[in-house]
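Here is the file protein_4.cif (mmCIF, C-alpha atoms).
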```
data_data
#
loop_
_atom_site.label_atom_id
_atom_site.label_comp_id
_atom_site.auth_asym_id
_atom_site.auth_seq_id
_atom_site.Cartn_x
_atom_site.Cartn_y
_atom_site.Cartn_z
CA MET T 16 12.97 24.17 24.84
CA ILE T 17 11.09 25.74 27.69
CA LYS T 18 13.22 27.10 30.53
CA TYR T 19 11.60 26.94 33.92
CA PRO T 20 12.61 29.29 36.75
CA ALA T 21 14.98 27.72 39.27
CA GLY T 22 13.25 25.13 41.42
CA GLN T 23 10.17 25.01 39.21
CA GLY T 24 9.75 22.06 36.87
CA PRO T 25 6.98 21.72 34.31
CA ARG T 26 3.72 21.98 36.25
CA LEU T 27 0.70 19.81 35.89
CA HIS T 28 -2.30 21.72 34.64
CA LEU T 29 -3.92 21.21 38.00
CA LYS T 30 -1.34 23.06 40.04
CA THR T 31 -1.80 26.74 40.57
CA ASN T 32 0.93 28.87 39.10
CA PRO T 33 2.35 30.81 42.08
CA ARG T 34 2.71 33.92 39.93
CA SER T 35 -1.00 34.12 39.25
CA THR T 36 -2.23 34.14 42.84
CA LYS T 37 -4.53 37.07 42.22
CA GLN T 38 -6.25 35.39 39.32
CA ALA T 39 -6.53 32.19 41.32
CA THR T 40 -8.30 34.06 44.07
CA GLN T 41 -10.62 35.67 41.61
CA TYR T 42 -11.49 32.76 39.29
CA GLY T 43 -10.21 29.77 41.23
CA SER T 44 -11.89 27.72 43.87
CA ARG T 45 -11.44 30.18 46.73
CA GLY T 46 -14.80 31.86 46.26
CA MET T 47 -16.65 28.55 45.86
CA THR T 48 -18.28 26.40 48.47
CA PHE T 49 -16.92 22.88 48.82
CA GLU T 50 -20.12 21.58 47.23
CA GLU T 51 -19.64 23.88 44.23
CA MET T 52 -16.05 22.68 43.90
CA ILE T 53 -17.17 19.03 43.81
CA ASN T 54 -20.01 19.75 41.39
CA GLN T 55 -17.60 21.56 39.06
CA SER T 56 -15.22 18.61 39.18
CA ASN T 57 -18.10 16.23 38.40
CA ALA T 58 -19.08 18.35 35.37
CA TYR T 59 -15.45 18.14 34.21
CA TYR T 60 -15.36 14.33 34.66
CA LEU T 61 -18.68 14.01 32.79
CA ASN T 62 -17.53 16.19 29.85
CA ARG T 63 -14.29 14.27 29.54
CA GLN T 64 -16.19 10.95 29.76
CA LEU T 65 -14.12 9.95 32.79
CA ALA T 66 -17.01 9.26 35.17
CA VAL T 67 -20.73 9.88 35.68
CA ILE T 68 -21.20 11.19 39.21
CA HIS T 69 -24.11 13.36 40.38
CA LYS T 70 -25.23 14.93 43.63
CA LYS T 71 -28.56 13.54 44.79
CA PRO T 72 -31.36 16.06 45.22
CA THR T 73 -32.11 17.21 48.77
CA PRO T 74 -34.88 15.01 50.21
CA ILE T 75 -37.98 17.06 50.92
CA GLN T 76 -41.27 16.15 52.56
CA ILE T 77 -44.04 17.78 50.54
CA VAL T 78 -47.20 18.67 52.50
CA LYS T 79 -49.21 21.07 50.32
CA VAL T 80 -49.22 21.70 46.58
CA ASP T 81 -51.26 24.29 44.69
CA TYR T 82 -52.19 23.63 41.08
CA PRO T 83 -52.90 27.07 39.60
CA LYS T 84 -54.54 27.18 36.16
CA ARG T 85 -52.14 27.61 33.26
CA SER T 86 -49.01 27.58 35.42
CA ALA T 87 -46.67 25.16 37.12
CA ALA T 88 -47.64 23.30 40.30
CA LYS T 89 -46.51 25.31 43.32
CA ILE T 90 -45.39 23.67 46.54
CA THR T 91 -46.64 25.85 49.41
CA GLU T 92 -45.69 23.73 52.42
CA ALA T 93 -42.72 21.39 52.64
CA TYR T 94 -39.97 20.43 55.06
CA PHE T 95 -36.36 19.27 54.79
CA ARG T 96 -35.89 15.58 55.55
CA GLN T 97 -32.69 14.01 56.81
CA ALA T 98 -30.90 12.16 54.01
CA SER T 99 -30.83 8.39 54.49
CA THR T 100 -27.88 7.90 52.18
CA THR T 101 -24.81 9.86 51.13
CA ASP T 102 -24.78 12.93 48.89
CA TYR T 103 -22.99 11.62 45.81
CA ASN T 104 -22.89 8.42 43.78
CA GLY T 105 -22.19 7.26 40.27
CA VAL T 106 -20.01 5.11 38.06
CA TYR T 107 -16.25 5.18 37.39
CA LEU T 108 -14.40 2.47 35.43
CA GLY T 109 -17.55 0.33 35.60
CA ARG T 110 -17.51 0.42 39.38
CA TYR T 111 -20.02 1.89 41.77
CA ILE T 112 -18.78 5.05 43.51
CA ASP T 113 -20.42 6.40 46.66
CA PHE T 114 -19.22 9.24 48.86
CA GLU T 115 -20.11 11.89 51.35
CA THR T 116 -18.50 15.33 51.51
CA LYS T 117 -17.78 17.17 54.75
CA GLU T 118 -15.95 20.33 55.64
CA THR T 119 -14.50 21.48 58.94
CA ARG T 120 -12.79 24.56 60.35
CA ASN T 121 -11.11 22.33 62.95
CA LYS T 122 -7.30 22.41 62.62
CA THR T 123 -6.32 19.29 64.52
CA SER T 124 -9.05 16.75 63.80
CA PHE T 125 -12.28 15.78 62.00
CA PRO T 126 -15.15 15.50 64.51
CA LEU T 127 -17.05 12.26 63.87
CA SER T 128 -20.28 13.93 65.01
CA ASN T 129 -20.35 15.32 61.45
CA LEU T 130 -21.34 11.86 60.25
CA HIS T 131 -24.79 10.45 60.97
CA ASP T 132 -25.18 6.79 61.93
CA HIS T 133 -27.42 6.08 58.93
CA GLN T 134 -24.78 7.56 56.61
CA ILE T 135 -22.12 5.24 58.05
CA GLU T 136 -24.58 2.32 57.76
CA HIS T 137 -25.25 3.17 54.09
CA MET T 138 -21.50 3.41 53.39
CA LYS T 139 -20.99 0.02 55.02
CA GLN T 140 -23.77 -1.57 52.92
CA CYS T 141 -22.32 -0.18 49.68
CA HIS T 142 -18.81 -1.28 50.64
CA GLN T 143 -20.07 -4.81 51.36
CA GLN T 144 -21.60 -4.90 47.86
CA GLY T 145 -18.20 -4.11 46.35
CA GLY T 146 -18.66 -0.39 45.79
CA LEU T 147 -15.86 2.15 46.15
CA VAL T 148 -16.97 4.17 49.18
CA PHE T 149 -15.22 7.12 50.78
CA LEU T 150 -15.39 10.42 52.59
CA LEU T 151 -14.07 13.65 51.12
CA ILE T 152 -13.09 16.07 53.89
CA TYR T 153 -12.17 19.70 53.31
CA PHE T 154 -9.99 21.14 56.07
CA LYS T 155 -10.58 24.85 55.65
CA ALA T 156 -7.82 25.93 58.06
CA HIS T 157 -5.21 24.01 56.04
CA ASP T 158 -6.93 24.37 52.65
CA THR T 159 -6.44 20.65 52.13
CA ILE T 160 -8.85 17.97 50.91
CA TYR T 161 -8.47 14.31 51.84
CA LEU T 162 -10.12 11.16 50.52
CA ILE T 163 -10.74 8.67 53.34
CA PRO T 164 -11.67 5.19 52.06
CA TYR T 165 -14.49 3.55 54.01
CA PRO T 166 -12.30 0.66 55.28
CA LEU T 167 -9.90 3.20 56.82
CA LEU T 168 -12.81 5.03 58.48
CA GLU T 169 -14.33 1.78 59.77
CA GLY T 170 -10.97 0.58 61.07
CA PHE T 171 -10.39 3.85 62.92
CA ILE T 172 -13.86 3.82 64.53
CA GLN T 173 -13.46 0.18 65.64
CA LYS T 174 -9.97 0.62 67.12
CA ASN T 175 -10.42 4.02 68.72
CA LYS T 176 -12.97 5.25 71.19
CA LYS T 177 -12.25 8.83 70.11
CA GLN T 178 -14.90 11.26 68.96
CA SER T 179 -12.71 12.61 66.19
CA ILE T 180 -10.04 11.55 63.71
CA PRO T 181 -6.75 13.42 64.30
CA TYR T 182 -5.52 15.46 61.34
CA ALA T 183 -2.10 13.79 61.70
CA PHE T 184 -3.74 10.35 61.24
CA ILE T 185 -5.51 11.56 58.10
CA GLN T 186 -2.31 13.14 56.70
CA LYS T 187 -0.50 9.84 57.22
CA ASN T 188 -3.17 7.33 56.08
CA ALA T 189 -5.66 9.07 53.78
CA TYR T 190 -5.21 10.26 50.18
CA ALA T 191 -4.64 13.95 49.43
CA CYS T 192 -6.76 15.37 46.59
CA PRO T 193 -4.88 17.70 44.22
CA GLN T 194 -6.50 21.13 44.01
CA GLY T 195 -6.53 23.21 40.89
CA GLN T 196 -8.39 25.89 39.02
CA PHE T 197 -11.26 25.95 36.56
CA PRO T 198 -12.30 23.58 34.99
CA ILE T 199 -11.37 21.24 37.82
CA SER T 200 -10.99 22.47 41.36
CA VAL T 201 -10.71 19.14 43.20
CA ASP T 202 -9.28 16.17 41.34
CA TYR T 203 -10.57 13.58 43.77
CA LEU T 204 -10.52 10.78 41.16
CA SER T 205 -6.72 10.93 41.09
CA ALA T 206 -6.74 10.37 44.87
CA LEU T 207 -9.17 7.49 44.27
CA ASP T 208 -6.79 6.04 41.64
CA ALA T 209 -4.00 6.07 44.24
CA TYR T 210 -6.26 4.24 46.70
CA ILE T 211 -7.38 1.64 44.11
CA GLU T 212 -3.75 0.98 43.15
CA GLN T 213 -2.71 0.47 46.76
CA ALA T 214 -5.77 -1.67 47.55
CA ASP T 215 -5.03 -3.88 44.55
CA GLN T 216 -1.41 -4.31 45.68
CA ASN T 217 -2.54 -5.35 49.16
CA GLU T 218 -4.82 -8.00 47.67
CA VAL T 219 -1.96 -9.68 45.79
CA MET N 18 -42.23 -36.64 50.79
CA ILE N 19 -44.45 -33.76 49.73
CA LYS N 20 -47.20 -34.61 47.26
CA TYR N 21 -48.14 -31.80 44.93
CA PRO N 22 -51.54 -31.58 43.20
CA ALA N 23 -51.48 -32.84 39.62
CA GLY N 24 -49.69 -30.43 37.34
CA GLN N 25 -48.20 -28.39 40.22
CA GLY N 26 -44.56 -28.92 41.06
CA PRO N 27 -42.82 -27.29 44.02
CA ARG N 28 -43.33 -23.56 43.61
CA LEU N 29 -40.75 -20.88 43.97
CA HIS N 30 -41.53 -18.54 46.85
CA LEU N 31 -42.09 -15.82 44.30
CA LYS N 32 -44.96 -17.46 42.49
CA THR N 33 -48.45 -16.78 43.65
CA ASN N 34 -50.36 -19.81 44.85
CA PRO N 35 -53.43 -19.98 42.58
CA ARG N 36 -55.58 -21.04 45.53
CA SER N 37 -54.93 -17.83 47.45
CA THR N 38 -56.05 -15.38 44.81
CA LYS N 39 -58.13 -13.39 47.25
CA GLN N 40 -55.24 -12.94 49.63
CA ALA N 41 -53.00 -12.01 46.72
CA THR N 42 -55.43 -9.29 45.73
CA GLN N 43 -55.64 -8.05 49.26
CA TYR N 44 -52.00 -8.17 50.36
CA GLY N 45 -50.16 -8.64 47.10
CA SER N 46 -48.88 -6.12 44.66
CA ARG N 47 -52.24 -5.35 43.01
CA GLY N 48 -53.06 -2.43 45.30
CA MET N 49 -49.58 -0.93 44.98
CA THR N 50 -48.26 1.57 42.49
CA PHE N 51 -45.38 0.42 40.32
CA GLU N 52 -43.08 2.72 42.30
CA GLU N 53 -44.19 1.12 45.57
CA MET N 54 -43.57 -2.34 44.08
CA ILE N 55 -40.01 -1.38 43.11
CA ASN N 56 -39.32 0.27 46.46
CA GLN N 57 -40.55 -2.83 48.29
CA SER N 58 -38.28 -5.02 46.16
CA ASN N 59 -35.34 -2.71 46.92
CA ALA N 60 -36.03 -2.97 50.66
CA TYR N 61 -36.03 -6.78 50.27
CA TYR N 62 -32.73 -6.74 48.36
CA LEU N 63 -31.19 -4.42 50.99
CA ASN N 64 -32.33 -6.60 53.93
CA ARG N 65 -30.99 -9.74 52.27
CA GLN N 66 -27.72 -7.94 51.44
CA LEU N 67 -28.23 -8.67 47.75
CA ALA N 68 -27.97 -5.09 46.50
CA VAL N 69 -28.09 -1.46 47.64
CA ILE N 70 -30.48 0.40 45.35
CA HIS N 71 -32.40 3.56 46.25
CA LYS N 72 -34.80 5.90 44.51
CA LYS N 73 -33.39 9.38 44.18
CA PRO N 74 -35.39 12.17 45.83
CA THR N 75 -37.57 14.29 43.53
CA PRO N 76 -35.59 17.36 42.45
CA ILE N 77 -37.18 20.54 43.76
CA GLN N 78 -36.37 24.20 43.19
CA ILE N 79 -36.69 25.98 46.53
CA VAL N 80 -37.65 29.66 46.35
CA LYS N 81 -38.72 30.70 49.85
CA VAL N 82 -37.99 29.25 53.28
CA ASP N 83 -39.34 30.43 56.65
CA TYR N 84 -37.29 29.84 59.76
CA PRO N 85 -39.79 29.94 62.62
CA LYS N 86 -38.40 30.10 66.18
CA ARG N 87 -38.13 26.74 67.94
CA SER N 88 -39.43 24.74 64.99
CA ALA N 89 -38.22 23.23 61.76
CA ALA N 90 -37.49 25.33 58.69
CA LYS N 91 -40.60 25.53 56.51
CA ILE N 92 -40.42 25.75 52.73
CA THR N 93 -43.25 28.07 51.60
CA GLU N 94 -42.52 28.32 47.88
CA ALA N 95 -40.97 25.66 45.70
CA TYR N 96 -41.43 24.06 42.29
CA PHE N 97 -40.88 20.63 40.79
CA ARG N 98 -37.85 20.41 38.53
CA GLN N 99 -37.40 17.95 35.70
CA ALA N 100 -35.01 15.19 36.71
CA SER N 101 -31.72 15.25 34.78
CA THR N 102 -30.98 11.61 35.47
CA THR N 103 -32.91 8.38 36.02
CA ASP N 104 -34.93 7.53 39.13
CA TYR N 105 -32.93 4.64 40.58
CA ASN N 106 -29.29 3.73 40.99
CA GLY N 107 -27.08 1.66 43.25
CA VAL N 108 -24.69 -1.25 43.49
CA TYR N 109 -25.13 -4.98 42.74
CA LEU N 110 -22.25 -7.48 42.67
CA GLY N 111 -19.84 -4.55 42.82
CA ARG N 112 -21.28 -3.10 39.63
CA TYR N 113 -23.07 0.16 39.08
CA ILE N 114 -26.79 -0.24 38.42
CA ASP N 115 -28.89 2.54 36.86
CA PHE N 116 -32.48 2.36 35.70
CA GLU N 117 -35.67 4.20 34.96
CA THR N 118 -39.15 2.83 35.62
CA LYS N 119 -42.12 3.49 33.36
CA GLU N 120 -45.66 2.19 33.19
CA THR N 121 -48.13 2.18 30.34
CA ARG N 122 -51.77 1.21 29.74
CA ASN N 123 -50.92 0.67 26.08
CA LYS N 124 -51.52 -2.96 25.02
CA THR N 125 -49.48 -3.14 21.83
CA SER N 126 -46.43 -0.95 22.40
CA PHE N 127 -44.37 1.27 24.70
CA PRO N 128 -44.53 4.89 23.48
CA LEU N 129 -41.00 6.34 23.42
CA SER N 130 -42.40 9.77 24.29
CA ASN N 131 -42.39 8.46 27.88
CA LEU N 132 -38.61 8.84 27.87
CA HIS N 133 -36.99 12.27 27.94
CA ASP N 134 -33.91 12.96 25.84
CA HIS N 135 -31.81 13.83 28.90
CA GLN N 136 -32.77 10.49 30.48
CA ILE N 137 -31.60 8.59 27.40
CA GLU N 138 -28.41 10.70 27.37
CA HIS N 139 -27.77 9.88 31.04
CA MET N 140 -28.37 6.17 30.38
CA LYS N 141 -25.91 6.29 27.49
CA GLN N 142 -23.24 7.99 29.62
CA CYS N 143 -23.60 5.39 32.41
CA HIS N 144 -23.52 2.53 29.89
CA GLN N 145 -20.33 3.93 28.35
CA GLN N 146 -18.73 3.95 31.81
CA GLY N 147 -19.49 0.24 32.18
CA GLY N 148 -22.62 0.48 34.30
CA LEU N 149 -25.57 -1.91 33.98
CA VAL N 150 -28.31 0.33 32.61
CA PHE N 151 -31.89 -0.60 31.80
CA LEU N 152 -35.56 0.32 31.63
CA LEU N 153 -38.23 -1.41 33.70
CA ILE N 154 -41.61 -1.19 31.95
CA TYR N 155 -44.87 -2.21 33.56
CA PHE N 156 -47.56 -3.10 31.01
CA LYS N 157 -50.71 -2.66 33.06
CA ALA N 158 -53.03 -4.26 30.45
CA HIS N 159 -50.96 -7.47 30.48
CA ASP N 160 -49.80 -7.20 34.10
CA THR N 161 -46.28 -7.93 32.91
CA ILE N 162 -42.98 -6.24 33.72
CA TYR N 163 -40.02 -6.28 31.35
CA LEU N 164 -36.38 -5.32 31.81
CA ILE N 165 -35.00 -3.67 28.66
CA PRO N 166 -31.20 -3.39 28.69
CA TYR N 167 -29.90 -0.03 27.41
CA PRO N 168 -28.06 -1.59 24.41
CA LEU N 169 -31.36 -3.14 23.24
CA LEU N 170 -33.14 0.20 23.61
CA GLU N 171 -30.35 2.06 21.78
CA GLY N 172 -30.30 -0.52 19.00
CA PHE N 173 -34.06 -0.28 18.53
CA ILE N 174 -34.02 3.53 18.39
CA GLN N 175 -31.15 3.56 15.87
CA LYS N 176 -32.67 0.96 13.55
CA ASN N 177 -36.28 2.05 13.69
CA LYS N 178 -37.87 5.38 13.02
CA LYS N 179 -40.88 4.36 15.09
CA GLN N 180 -42.26 6.37 17.97
CA SER N 181 -42.89 3.29 20.05
CA ILE N 182 -41.47 -0.17 20.76
CA PRO N 183 -43.94 -2.95 19.84
CA TYR N 184 -44.97 -5.22 22.72
CA ALA N 185 -44.12 -8.24 20.55
CA PHE N 186 -40.54 -6.96 20.14
CA ILE N 187 -40.25 -6.56 23.90
CA GLN N 188 -41.71 -10.02 24.57
CA LYS N 189 -39.18 -11.53 22.19
CA ASN N 190 -36.03 -9.57 23.10
CA ALA N 191 -36.38 -8.17 26.63
CA TYR N 192 -36.27 -9.97 29.98
CA ALA N 193 -39.48 -10.76 31.88
CA CYS N 194 -39.40 -9.90 35.60
CA PRO N 195 -41.01 -12.54 37.86
CA GLN N 196 -43.78 -11.08 39.98
CA GLY N 197 -44.60 -12.27 43.46
CA GLN N 198 -46.09 -11.25 46.76
CA PHE N 199 -44.76 -9.58 49.89
CA PRO N 200 -41.85 -9.28 50.65
CA ILE N 201 -40.86 -9.05 46.99
CA SER N 202 -43.33 -8.00 44.34
CA VAL N 203 -40.99 -7.56 41.37
CA ASP N 204 -37.82 -9.65 41.26
CA TYR N 205 -36.11 -7.55 38.64
CA LEU N 206 -32.61 -8.66 39.72
CA SER N 207 -33.34 -12.19 38.47
CA ALA N 208 -34.19 -10.68 35.06
CA LEU N 209 -30.92 -8.73 35.30
CA ASP N 210 -29.06 -11.96 36.10
CA ALA N 211 -30.47 -13.52 32.92
CA TYR N 212 -29.30 -10.49 30.93
CA ILE N 213 -25.80 -10.52 32.48
CA GLU N 214 -25.46 -14.24 31.74
CA GLN N 215 -26.47 -13.79 28.11
CA ALA N 216 -24.27 -10.69 27.67
CA ASP N 217 -21.28 -12.59 29.11
CA GLN N 218 -21.91 -15.47 26.68
CA ASN N 219 -22.04 -13.10 23.73
CA GLU N 220 -18.66 -11.65 24.74
CA VAL N 221 -16.96 -15.05 24.68
#
```
Can you dump the structure from the file as structure tokens?
Amino acid sequence: MIKYPAGQGPRLHLKTNPRSTKQATQYGSRGMTFEEMINQSNAYYLNRQLAVIHKKPTPIQIVKVDYPKRSAAKITEAYFRQASTTDYNGVYLGRYIDFETKETRNKTSFPLSNLHDHQIEHMKQCHQQGGLVFLLIYFKAHDTIYLIPYPLLEGFIQKNKKQSIPYAFIQKNAYACPQGQFPISVDYLSALDAYIEQADQNEV
Amino acid sequence: MIKYPAGQGPRLHLKTNPRSTKQATQYGSRGMTFEEMINQSNAYYLNRQLAVIHKKPTPIQIVKVDYPKRSAAKITEAYFRQASTTDYNGVYLGRYIDFETKETRNKTSFPLSNLHDHQIEHMKQCHQQGGLVFLLIYFKAHDTIYLIPYPLLEGFIQKNKKQSIPYAFIQKNAYACPQGQFPISVDYLSALDAYIEQADQNEV
């Protein structure tokens, strides 16, 4: 029988062992960008055959291409285009998944200016078609990640004239994503499971 | 009561009126690439709120970027990367849709060399997660477009050692996509409907 130190039960593999803080800093998610954390989680989900979710390539307007002999075509003039959709989509439990990731250093709220109108429009369209649509927000100051289902986002925007969503509102109504270490730094599908379960209960 | 010429019943909006062949050539799908035809169909589906399906941006490896003062960032060196997934995905009737488009001038078969291994692998992964996965093949010589569900493709590859799928096999087993004029040149969702219906029947 395993004896745990007082106050510490058996830990899920996702939770960081408090005694290995140094290692967590070195190999964990702390040195990664939020995008890298999500991509690593997606690789984990793909390997475990839990979901197929990919980041879409950055949309680029190509202006000039050189075709040198005996080597690959070289783009010599191109510009970044604004994305007309969200960054990530894929399939989970047969359902269409679509989400956008954002990060903020703001401690008290998520500024809605971070979201473009066409992104919200795309999320609305996917939601209307029955997709599971959400925002993943990384609050750097708190080191917390929340999953905000599209209906919650839409409801907030319709009811409030505010330019930002208070952190307290998100803590109360959104779904916290467990953070861990390699091979999965953000287990956002478990937050999605919690949302699906609650949404199903509300439908009954 | 509308009287139709002998042998011509009421036509679906998708079918080309044989008396307006010239106009069809001029404004129809004949001057469009297959990609343009699919993109136009997707715009139609989006406007009618039937489905949300987009082409993914071309993946590009960026090497050098200039940041000129007071103007947009300019990419000065970049290369095309091979796509690791398929070209199109989205949501239809709440379900995840994923497909690749191919065209061939071949009259008697579709050469399987047109499909990369990683594309087939991606299609398999999405199918295993419950997505609706298929190939859309445009046979230029016949001016026909067929939807080949992933299970049919997988079954053919497993049973046959051939390097190509015979056109006769496709005619017999795949789903023909109705072709029309603006605003919808390829109604591939109606071919998908036929596949879903048949797949549901086989499950019962």
I need the chain N residues near chain T as a list in words; criterion: at most 7 Å, counting only C-alpha atoms. Ala68, Val69, Lys73, Pro74, Thr75, Pro76, Ala90, Lys91, Ile92, Thr93, Glu94, Ala95, Tyr96, Val108, Tyr109, Leu110, Gly111, Arg112, Tyr113, Gln142, Cys143, Gln146, Gly147 and Gly148 of chain N
Keeping only C-alpha atoms, take the residues you just selected and write them out as a PDB file, in the coordinates of the input.
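Written output follows (result.pdb):
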```
ATOM      1  CA  ALA N  68     -27.970  -5.090  46.500  1.00  0.00           C
ATOM      2  CA  VAL N  69     -28.090  -1.460  47.640  1.00  0.00           C
ATOM      3  CA  LYS N  73     -33.390   9.380  44.180  1.00  0.00           C
ATOM      4  CA  PRO N  74     -35.390  12.170  45.830  1.00  0.00           C
ATOM      5  CA  THR N  75     -37.570  14.290  43.530  1.00  0.00           C
ATOM      6  CA  PRO N  76     -35.590  17.360  42.450  1.00  0.00           C
ATOM      7  CA  ALA N  90     -37.490  25.330  58.690  1.00  0.00           C
ATOM      8  CA  LYS N  91     -40.600  25.530  56.510  1.00  0.00           C
ATOM      9  CA  ILE N  92     -40.420  25.750  52.730  1.00  0.00           C
ATOM     10  CA  THR N  93     -43.250  28.070  51.600  1.00  0.00           C
ATOM     11  CA  GLU N  94     -42.520  28.320  47.880  1.00  0.00           C
ATOM     12  CA  ALA N  95     -40.970  25.660  45.700  1.00  0.00           C
ATOM     13  CA  TYR N  96     -41.430  24.060  42.290  1.00  0.00           C
ATOM     14  CA  VAL N 108     -24.690  -1.250  43.490  1.00  0.00           C
ATOM     15  CA  TYR N 109     -25.130  -4.980  42.740  1.00  0.00           C
ATOM     16  CA  LEU N 110     -22.250  -7.480  42.670  1.00  0.00           C
ATOM     17  CA  GLY N 111     -19.840  -4.550  42.820  1.00  0.00           C
ATOM     18  CA  ARG N 112     -21.280  -3.100  39.630  1.00  0.00           C
ATOM     19  CA  TYR N 113     -23.070   0.160  39.080  1.00  0.00           C
ATOM     20  CA  GLN N 142     -23.240   7.990  29.620  1.00  0.00           C
ATOM     21  CA  CYS N 143     -23.600   5.390  32.410  1.00  0.00           C
ATOM     22  CA  GLN N 146     -18.730   3.950  31.810  1.00  0.00           C
ATOM     23  CA  GLY N 147     -19.490   0.240  32.180  1.00  0.00           C
ATOM     24  CA  GLY N 148     -22.620   0.480  34.300  1.00  0.00           C
TER      25      GLY N 148
END
```
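CA of Ala189 (chain T) is found 12.3 Å from CA of Ile211 (chain T).
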Pick from N:Gln180, N:Asn59, N:Thr161, N:Thr103: nearest to Ile201 (chain N), with only C-alpha atoms counted? N:Asn59
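Polymer residues near (-44.3, -1.8, 23.6): counting only C-alpha atoms with a cut-off of 6 Å, they are Thr125, Ser126, Phe127, Ile182, Pro183 and Tyr184 of chain N.
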For Ser181 (chain N), list every protein, DNA or RNA residue within 12 Å, evaluated using only C-alpha atoms, and leave out those in the same chain fewer than 6 positions away; present the list as a VMD selection string. chain N and resid 121 123 to 132 170 173 to 174 187
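In this model, the gap between CA of Pro195 (chain N) and CA of Asp217 (chain N) comes to 21.6 Å.
Of the residues listed (T:Lys84, T:Lys139, T:Glu169, T:Glu118), T:Glu118 shows the shortest atom-to-atom separation from Leu151 (chain T); distances use all atoms listed in the file.
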Under the PyMOL selection byres ((chain T and resi 164) around 8), which residues of this model are included? Write them out as a PyMOL selection string. chain T and resi 147-150+162-163+165-168+189+210
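The spacing separating CA of Gln218 (chain N) from CA of Ile162 (chain N) amounts to 24.1 Å.
Applied to the file shown here, the PyMOL selection byres ((chain T and resi 48) around 12) selects the residues T:Gly43, T:Ser44, T:Arg45, T:Gly46, T:Met47, T:Phe49, T:Glu50, T:Glu51, T:Met52, T:Ile53, T:Asn54, T:Gln55, T:Thr116, T:Lys117, T:Glu118, T:Tyr153, T:Lys155, T:Ser200, T:Val201.
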Region 185-189 of chain T rebuilt with all heavy atoms, output as an mmCIF file, in the frame of the given file:
```cif
data_model
loop_
_atom_site.group_PDB
_atom_site.id
_atom_site.type_symbol
_atom_site.label_atom_id
_atom_site.label_comp_id
_atom_site.auth_asym_id
_atom_site.auth_seq_id
_atom_site.Cartn_x
_atom_site.Cartn_y
_atom_site.Cartn_z
ATOM 1 N N ILE T 185 -4.995 11.418 59.471
ATOM 2 C CA ILE T 185 -5.510 11.560 58.100
ATOM 3 C C ILE T 185 -4.364 11.880 57.133
ATOM 4 O O ILE T 185 -4.268 11.284 56.060
ATOM 5 C CB ILE T 185 -6.611 12.649 58.061
ATOM 6 C CG1 ILE T 185 -7.875 12.106 58.765
ATOM 7 C CG2 ILE T 185 -6.926 13.075 56.632
ATOM 8 C CD1 ILE T 185 -8.935 13.136 59.054
ATOM 9 N N GLN T 186 -3.467 12.796 57.544
ATOM 10 C CA GLN T 186 -2.310 13.140 56.700
ATOM 11 C C GLN T 186 -1.484 11.897 56.371
ATOM 12 O O GLN T 186 -0.981 11.739 55.264
ATOM 13 C CB GLN T 186 -1.415 14.147 57.419
ATOM 14 C CG GLN T 186 -1.833 15.594 57.241
ATOM 15 C CD GLN T 186 -0.816 16.523 57.874
ATOM 16 O OE1 GLN T 186 -0.533 16.405 59.064
ATOM 17 N NE2 GLN T 186 -0.259 17.431 57.075
ATOM 18 N N LYS T 187 -1.353 11.017 57.372
ATOM 19 C CA LYS T 187 -0.500 9.840 57.220
ATOM 20 C C LYS T 187 -1.183 8.728 56.398
ATOM 21 O O LYS T 187 -0.545 8.057 55.590
ATOM 22 C CB LYS T 187 -0.127 9.296 58.607
ATOM 23 C CG LYS T 187 0.989 8.264 58.577
ATOM 24 C CD LYS T 187 1.280 7.715 59.955
ATOM 25 C CE LYS T 187 2.143 6.465 59.855
ATOM 26 N NZ LYS T 187 2.216 5.752 61.137
ATOM 27 N N ASN T 188 -2.501 8.521 56.633
ATOM 28 C CA ASN T 188 -3.170 7.330 56.080
ATOM 29 C C ASN T 188 -4.142 7.581 54.937
ATOM 30 O O ASN T 188 -4.454 6.659 54.189
ATOM 31 C CB ASN T 188 -3.917 6.607 57.212
ATOM 32 C CG ASN T 188 -2.977 6.113 58.290
ATOM 33 O OD1 ASN T 188 -2.222 5.180 58.072
ATOM 34 N ND2 ASN T 188 -3.008 6.763 59.440
ATOM 35 N N ALA T 189 -4.666 8.798 54.820
ATOM 36 C CA ALA T 189 -5.660 9.070 53.780
ATOM 37 C C ALA T 189 -4.969 9.548 52.501
ATOM 38 O O ALA T 189 -3.738 9.575 52.424
ATOM 39 C CB ALA T 189 -6.671 10.092 54.278
#
```
